[in-house]
Amino acid sequence: IIELNNKIKNKNNSKIGGFGFGPYEHEKTIKNIPYSLIYNEVGSWIGFLRNKFRVILQDYTIQHYSGHYISGKLRFDKLYKQRLGNYKLFTRKEPERIAKYVFSLIVDVSGSMGGFEKSPLREAVKASVLFGEVLRKLNIPFEVICFEDEVHPIKGFNDGYNKNKIMKIFDHSGGGTEDHKALQRAIKNISSQEGKKIIFVMSDGVGYTNEIKKS
């Protein structure tokens, strides 16, 4: 990355890092990566992360036995209460409340993230595909937005999961790191959604710390 940055500085005399520079000269090599290739690199983690999310996010959709009834499934450890005149010794299947969540995935596509084969941008897209596949399988609403100098919506909360649109993240690579704009947009979007709200940012650093604090 350092070697590539030096080449760009010598050629364009432009700044690197959070203050950005234009798209990489050979960026087109990464824009043509098919979804199937990225999916194959993360596919083995989808089931693992899905199961972890079920635990971490407390997925309560499974029925369980609870309550105190005069019929149902007998609680043998409560039989002694019969002698005291209490005959509510049974439990029944009851669904637990569903803990609802919504996610906003923010992807940094600024110049420092790179547009080449082994770049932070590619890793961020891999993470987006991994999270997207997992959240889709768990029926958890989520959005995907990316940013450089501007914010680009990729997937809305009410949009279906479109593989081709996810790969459009690559098309916006290059530019500065206006991360506060993306965070403000994500906060605005997710505020109108019901459930516990989680914003997940994929970036190689902080661009505008003071503005983020304001956000």
# chains A, B, ... in the order shown; residues from 1 in each chain; ligands from 1
$ residues_around --residues "Leu183 in chain A" --least-positions-apart "4" --cutoff "10 Å" --atoms "only C-alpha atoms" --output "list of chain:residue names"
A:Ser104, A:Ile106, A:Ile145, A:Phe147, A:Val151, A:Glu178, A:Asp179, A:Ile187, A:Lys188, A:Asn189, A:Ile199, A:Phe200, A:Val201, A:Glu211, A:Ile212, A:Ser215
$ select_by_dssp --residues "range 62-147 of chain A" --states "strand (DSSP E)" --output "ChimeraX atom specification"
/A:63-69,73-74,90-95,101-108,142-147
$ write_last_selection --atoms "C-alpha atoms" --output "mmCIF file, in the first residue's frame"
data_model
loop_
_atom_site.group_PDB
_atom_site.id
_atom_site.type_symbol
_atom_site.label_atom_id
_atom_site.label_comp_id
_atom_site.auth_asym_id
_atom_site.auth_seq_id
_atom_site.Cartn_x
_atom_site.Cartn_y
_atom_site.Cartn_z
ATOM 1 C CA GLN A 63 -41.134 -22.315 21.603
ATOM 2 C CA HIS A 64 -40.400 -23.310 25.173
ATOM 3 C CA TYR A 65 -42.297 -24.687 28.183
ATOM 4 C CA SER A 66 -43.299 -22.265 30.916
ATOM 5 C CA GLY A 67 -46.170 -21.180 33.154
ATOM 6 C CA HIS A 68 -48.219 -22.890 35.871
ATOM 7 C CA TYR A 69 -51.310 -24.771 34.676
ATOM 8 C CA LYS A 73 -46.513 -31.116 30.687
ATOM 9 C CA LEU A 74 -46.069 -32.379 34.250
ATOM 10 C CA PHE A 90 -47.963 -28.344 34.593
ATOM 11 C CA THR A 91 -46.268 -26.191 31.965
ATOM 12 C CA ARG A 92 -47.267 -25.491 28.368
ATOM 13 C CA LYS A 93 -45.498 -24.525 25.179
ATOM 14 C CA GLU A 94 -45.334 -20.764 24.863
ATOM 15 C CA PRO A 95 -43.482 -18.578 22.349
ATOM 16 C CA TYR A 101 -33.141 -5.743 15.526
ATOM 17 C CA VAL A 102 -32.211 -3.525 12.605
ATOM 18 C CA PHE A 103 -28.733 -3.007 11.160
ATOM 19 C CA SER A 104 -27.074 -0.240 9.192
ATOM 20 C CA LEU A 105 -23.876 -1.329 7.438
ATOM 21 C CA ILE A 106 -21.572 1.544 6.494
ATOM 22 C CA VAL A 107 -18.693 0.866 4.085
ATOM 23 C CA ASP A 108 -15.753 3.233 3.615
ATOM 24 C CA PHE A 142 -30.709 -3.934 7.244
ATOM 25 C CA GLU A 143 -29.407 -1.236 4.957
ATOM 26 C CA VAL A 144 -26.043 -0.845 3.234
ATOM 27 C CA ILE A 145 -24.521 2.530 2.428
ATOM 28 C CA CYS A 146 -21.013 3.459 1.316
ATOM 29 C CA PHE A 147 -19.181 6.747 1.413
#
$ closest_atom_pairs --of "range 32-71 of chain A" --to "range 121-139 of chain A" --cutoff "12 Å" --atoms "only C-alpha atoms" --output "tab-separated table"
residue	atom	partner	partner_atom	distance
A:Asn32	CA	A:Arg122	CA	11.9
A:Ile33	CA	A:Arg122	CA	9.6
A:Pro34	CA	A:Val125	CA	11.6
A:Tyr35	CA	A:Val129	CA	8.5
A:Ser36	CA	A:Val129	CA	10.2
A:Leu37	CA	A:Lys126	CA	9.7
A:Ile38	CA	A:Lys126	CA	5.9
A:Tyr39	CA	A:Val129	CA	6.8
A:Asn40	CA	A:Lys126	CA	9.8
A:Glu41	CA	A:Lys126	CA	7.7
A:Val42	CA	A:Leu130	CA	6.1
A:Gly43	CA	A:Leu130	CA	7.4
A:Ser44	CA	A:Leu130	CA	9.7
A:Trp45	CA	A:Leu130	CA	7.5
A:Ile46	CA	A:Val134	CA	5.9
A:Gly47	CA	A:Val134	CA	7.7
A:Phe48	CA	A:Val134	CA	9.3
A:Leu49	CA	A:Val134	CA	7.0
A:Arg50	CA	A:Val134	CA	5.4
A:Asn51	CA	A:Val134	CA	9.2
A:Lys52	CA	A:Val134	CA	10.2
A:Phe53	CA	A:Val134	CA	8.5
A:Arg54	CA	A:Leu138	CA	8.3
A:Leu57	CA	A:Leu138	CA	10.6
A:Gln58	CA	A:Leu138	CA	11.8
A:Asp59	CA	A:Leu138	CA	9.1
A:Tyr60	CA	A:Leu138	CA	11.9
A:Thr61	CA	A:Leu138	CA	10.8
$ residues_around --residues "Asp149 in chain A" --least-positions-apart "4" --cutoff "10 Å" --atoms "only C-alpha atoms" --output "number ranges by chain"
A: 19-20, 109-111, 172, 174-179, 181-182
$ atom_distance --atom1 "CA of Asn158 in chain A" --atom2 "CA of Gln184 in chain A"
19.3 Å
$ select_by_dssp --residues "range 80-122 of chain A" --states "helix (DSSP H, G or I)" --output "number ranges by chain"
A: 80-84, 111-113, 120-122
$ closest_residue --among "A:Glu148, A:Met167, A:Gly156, A:Pro141" --to "Lys196 in chain A" --atoms "only C-alpha atoms"
A:Pro141
$ closest_residue --among "A:Gly160, A:Glu150, A:Lys197, A:Gly72" --to "His180 in chain A" --atoms "only C-alpha atoms"
A:Glu150
$ atom_distance --atom1 "CA of Asp159 in chain A" --atom2 "CA of Pro120 in chain A"
26.3 Å
